>>> print(open('entry38.pdb').read())   # PDB, C-alpha atoms, pLDDT in the B column
ATOM      1  CA  ALA A   1    -146.830 -27.446 178.616  1.00 35.00           C
ATOM      2  CA  TYR A   2    -149.899 -28.058 180.715  1.00 39.00           C
ATOM      3  CA  GLU A   3    -150.817 -25.081 182.894  1.00 42.00           C
ATOM      4  CA  ILE A   4    -152.708 -25.623 186.149  1.00 46.00           C
ATOM      5  CA  ARG A   5    -152.416 -22.178 187.679  1.00 49.00           C
ATOM      6  CA  ASN A   6    -155.846 -20.870 186.632  1.00 49.00           C
ATOM      7  CA  CYS A   7    -157.732 -22.826 189.272  1.00 55.00           C
ATOM      8  CA  ASP A   8    -159.702 -22.150 192.395  1.00 50.00           C
ATOM      9  CA  TRP A   9    -157.398 -23.798 194.915  1.00 46.00           C
ATOM     10  CA  SER A  10    -160.024 -24.147 197.662  1.00 46.00           C
ATOM     11  CA  SER A  11    -159.505 -27.901 197.300  1.00 52.00           C
ATOM     12  CA  ASP A  12    -156.285 -29.711 196.469  1.00 53.00           C
ATOM     13  CA  VAL A  13    -156.913 -29.646 192.749  1.00 54.00           C
ATOM     14  CA  CYS A  14    -159.368 -28.363 190.207  1.00 62.00           C
ATOM     15  CA  SER A  15    -161.713 -30.916 188.723  1.00 58.00           C
ATOM     16  CA  SER A  16    -160.187 -30.229 185.295  1.00 57.00           C
ATOM     17  CA  ASP A  17    -156.821 -31.330 186.642  1.00 76.00           C
ATOM     18  CA  LEU A  18    -157.929 -34.700 187.992  1.00 80.00           C
ATOM     19  CA  ALA A  19    -157.064 -36.451 184.740  1.00 81.00           C
ATOM     20  CA  VAL A  20    -153.558 -34.994 184.845  1.00 84.00           C
ATOM     21  CA  LEU A  21    -153.126 -36.119 188.459  1.00 86.00           C
ATOM     22  CA  ARG A  22    -154.335 -39.617 187.551  1.00 86.00           C
ATOM     23  CA  LEU A  23    -151.771 -39.712 184.764  1.00 91.00           C
ATOM     24  CA  ILE A  24    -149.044 -38.565 187.161  1.00 91.00           C
ATOM     25  CA  GLY A  25    -150.170 -41.274 189.587  1.00 92.00           C
ATOM     26  CA  SER A  26    -150.046 -43.913 186.848  1.00 94.00           C
ATOM     27  CA  VAL A  27    -146.536 -42.892 185.846  1.00 95.00           C
ATOM     28  CA  ALA A  28    -145.395 -42.885 189.502  1.00 95.00           C
ATOM     29  CA  ALA A  29    -146.920 -46.341 190.055  1.00 95.00           C
ATOM     30  CA  HIS A  30    -145.258 -47.721 186.933  1.00 96.00           C
ATOM     31  CA  GLY A  31    -141.933 -46.274 188.088  1.00 95.00           C
ATOM     32  CA  ARG A  32    -142.329 -47.930 191.496  1.00 94.00           C
ATOM     33  CA  MET A  33    -143.202 -51.291 189.927  1.00 96.00           C
ATOM     34  CA  SER A  34    -140.241 -51.131 187.552  1.00 97.00           C
ATOM     35  CA  GLY A  35    -137.801 -49.910 190.199  1.00 96.00           C
ATOM     36  CA  ARG A  36    -137.330 -46.454 188.680  1.00 95.00           C
ATOM     37  CA  GLU A  37    -137.586 -43.134 190.460  1.00 92.00           C
ATOM     38  CA  VAL A  38    -140.093 -40.725 188.957  1.00 93.00           C
ATOM     39  CA  SER A  39    -139.378 -37.027 189.485  1.00 93.00           C
ATOM     40  CA  LEU A  40    -141.476 -33.995 188.678  1.00 92.00           C
ATOM     41  CA  CYS A  41    -139.769 -30.970 187.197  1.00 89.00           C
ATOM     42  CA  GLY A  42    -141.515 -27.631 186.798  1.00 85.00           C
ATOM     43  CA  ASP A  43    -143.418 -25.032 188.779  1.00 85.00           C
ATOM     44  CA  ALA A  44    -145.949 -27.497 190.200  1.00 86.00           C
ATOM     45  CA  GLY A  45    -143.246 -29.253 192.200  1.00 88.00           C
ATOM     46  CA  GLY A  46    -142.615 -26.117 194.224  1.00 90.00           C
ATOM     47  CA  ASP A  47    -146.216 -25.010 194.648  1.00 89.00           C
ATOM     48  CA  PRO A  48    -147.397 -25.725 198.216  1.00 90.00           C
ATOM     49  CA  ARG A  49    -151.002 -25.833 196.963  1.00 86.00           C
ATOM     50  CA  ILE A  50    -150.214 -28.695 194.596  1.00 88.00           C
ATOM     51  CA  ILE A  51    -147.584 -30.633 196.563  1.00 91.00           C
ATOM     52  CA  PRO A  52    -150.071 -32.609 198.741  1.00 90.00           C
ATOM     53  CA  ALA A  53    -151.892 -33.908 195.662  1.00 89.00           C
ATOM     54  CA  LEU A  54    -148.611 -34.854 193.972  1.00 92.00           C
ATOM     55  CA  LEU A  55    -147.419 -36.727 197.053  1.00 93.00           C
ATOM     56  CA  ARG A  56    -150.711 -38.624 197.291  1.00 91.00           C
ATOM     57  CA  GLN A  57    -150.227 -39.666 193.668  1.00 91.00           C
ATOM     58  CA  GLY A  58    -146.872 -41.227 194.514  1.00 93.00           C
ATOM     59  CA  ILE A  59    -144.422 -38.518 193.504  1.00 94.00           C
ATOM     60  CA  ARG A  60    -141.493 -38.557 195.933  1.00 93.00           C
ATOM     61  CA  SER A  61    -139.004 -36.378 194.083  1.00 94.00           C
ATOM     62  CA  VAL A  62    -139.593 -32.837 192.820  1.00 93.00           C
ATOM     63  CA  SER A  63    -137.409 -30.148 191.333  1.00 92.00           C
ATOM     64  CA  VAL A  64    -137.923 -26.842 193.158  1.00 93.00           C
ATOM     65  CA  ALA A  65    -136.672 -23.351 192.392  1.00 93.00           C
ATOM     66  CA  PRO A  66    -134.450 -22.068 195.206  1.00 94.00           C
ATOM     67  CA  LYS A  67    -136.834 -19.242 196.097  1.00 94.00           C
ATOM     68  CA  LEU A  68    -139.659 -21.772 196.660  1.00 93.00           C
ATOM     69  CA  LEU A  69    -137.659 -24.337 198.610  1.00 94.00           C
ATOM     70  CA  ALA A  70    -138.644 -23.318 202.160  1.00 95.00           C
ATOM     71  CA  ARG A  71    -142.365 -23.266 201.392  1.00 95.00           C
ATOM     72  CA  ALA A  72    -142.139 -26.538 199.465  1.00 94.00           C
ATOM     73  CA  LYS A  73    -140.333 -28.260 202.345  1.00 95.00           C
ATOM     74  CA  GLN A  74    -142.973 -27.028 204.786  1.00 96.00           C
ATOM     75  CA  ALA A  75    -145.794 -28.272 202.533  1.00 94.00           C
ATOM     76  CA  ILE A  76    -144.122 -31.675 202.231  1.00 94.00           C
ATOM     77  CA  ALA A  77    -143.620 -31.936 205.985  1.00 95.00           C
ATOM     78  CA  GLU A  78    -147.310 -31.256 206.618  1.00 94.00           C
ATOM     79  CA  VAL A  79    -148.574 -34.162 204.481  1.00 92.00           C
ATOM     80  CA  ASP A  80    -149.329 -37.472 206.226  1.00 90.00           C
ATOM     81  CA  LEU A  81    -148.777 -40.278 203.732  1.00 86.00           C
ATOM     82  CA  GLY A  82    -149.070 -43.170 206.183  1.00 84.00           C
ATOM     83  CA  GLN A  83    -152.317 -44.566 204.830  1.00 66.00           C
ATOM     84  CA  THR A  84    -151.466 -43.711 201.211  1.00 60.00           C
ATOM     85  CA  ASP A  85    -148.140 -45.573 201.258  1.00 54.00           C
ATOM     86  CA  GLU A  86    -149.624 -48.575 203.103  1.00 52.00           C
ATOM     87  CA  ALA A  87    -152.418 -48.863 200.546  1.00 54.00           C
ATOM     88  CA  ARG A  88    -149.881 -49.016 197.694  1.00 56.00           C
ATOM     89  CA  ARG A  89    -147.962 -51.985 199.106  1.00 52.00           C
TER      90      ARG A  89
END
>>> encode(input="entry38.pdb", output="structure tokens")
Amino acid sequence: AYEIRNCDWSSDVCSSDLAVLRLIGSVAAHGRMSGREVSLCGDAGGDPRIIPALLRQGIRSVSVAPKLLARAKQAIAEVDLGQTDEARR
């Protein structure tokens, strides 16, 4: 499994993780074009430091451990996707 925890989270993502985020974005875009929901399962889906980047890549469904749910919901609520979603149409 790919581990992205050893990063300096002063920005949304580490530069070494950009390729992984691009891949996630490509998979999410393909899912949208083919009418299939793409979900992310794993620790990243519940990490409030990573959630904004995942949402900007098109992920709209994540699996979150119960103990992380409140923080994940707050992180999701704080992201403005207006321009991102309009650009994808």
>>> closest_residue(input="entry38.pdb", among="A:Val27, A:Ala44, A:Ile50, A:Val38", to="Ala75 in chain A", atoms="all atoms listed in the file")
A:Ile50
>>> resolve_selection(input="entry38.pdb", expression="the PyMOL selection byres ((chain A and resi 52-60) around 6)", output="ChimeraX atom specification")
/A:25,28,50-51,61
>>> atom_distance(input="entry38.pdb", atom1="CA of Asp47 in chain A", atom2="CA of Ile76 in chain A")
10.3 Å
>>> resolve_selection(input="entry38.pdb", expression="the PyMOL selection byres ((chain A and resi 64) around 8)", output="list of chain:residue names")
A:Cys41, A:Gly42, A:Asp43, A:Gly45, A:Gly46, A:Val62, A:Ser63, A:Ala65, A:Pro66, A:Leu68, A:Leu69, A:Ala72
>>> axis_aligned_box(input="entry38.pdb", around="range 65-75 of chain A", padding_each_side="4 Å", output="JSON")
{"center_x": -140.1, "center_y": -23.8, "center_z": 198.6, "size_x": 19.3, "size_y": 17.0, "size_z": 20.4}
>>> atom_distance(input="entry38.pdb", atom1="CA of Arg32 in chain A", atom2="CA of Asp17 in chain A")
22.6 Å
>>> atom_distance(input="entry38.pdb", atom1="CA of Ser34 in chain A", atom2="CA of Pro48 in chain A")
28.5 Å
>>> closest_residue(input="entry38.pdb", among="A:Arg49, A:Leu18, A:Lys67, A:Ser39", to="Val79 in chain A", atoms="all atoms listed in the file")
A:Arg49
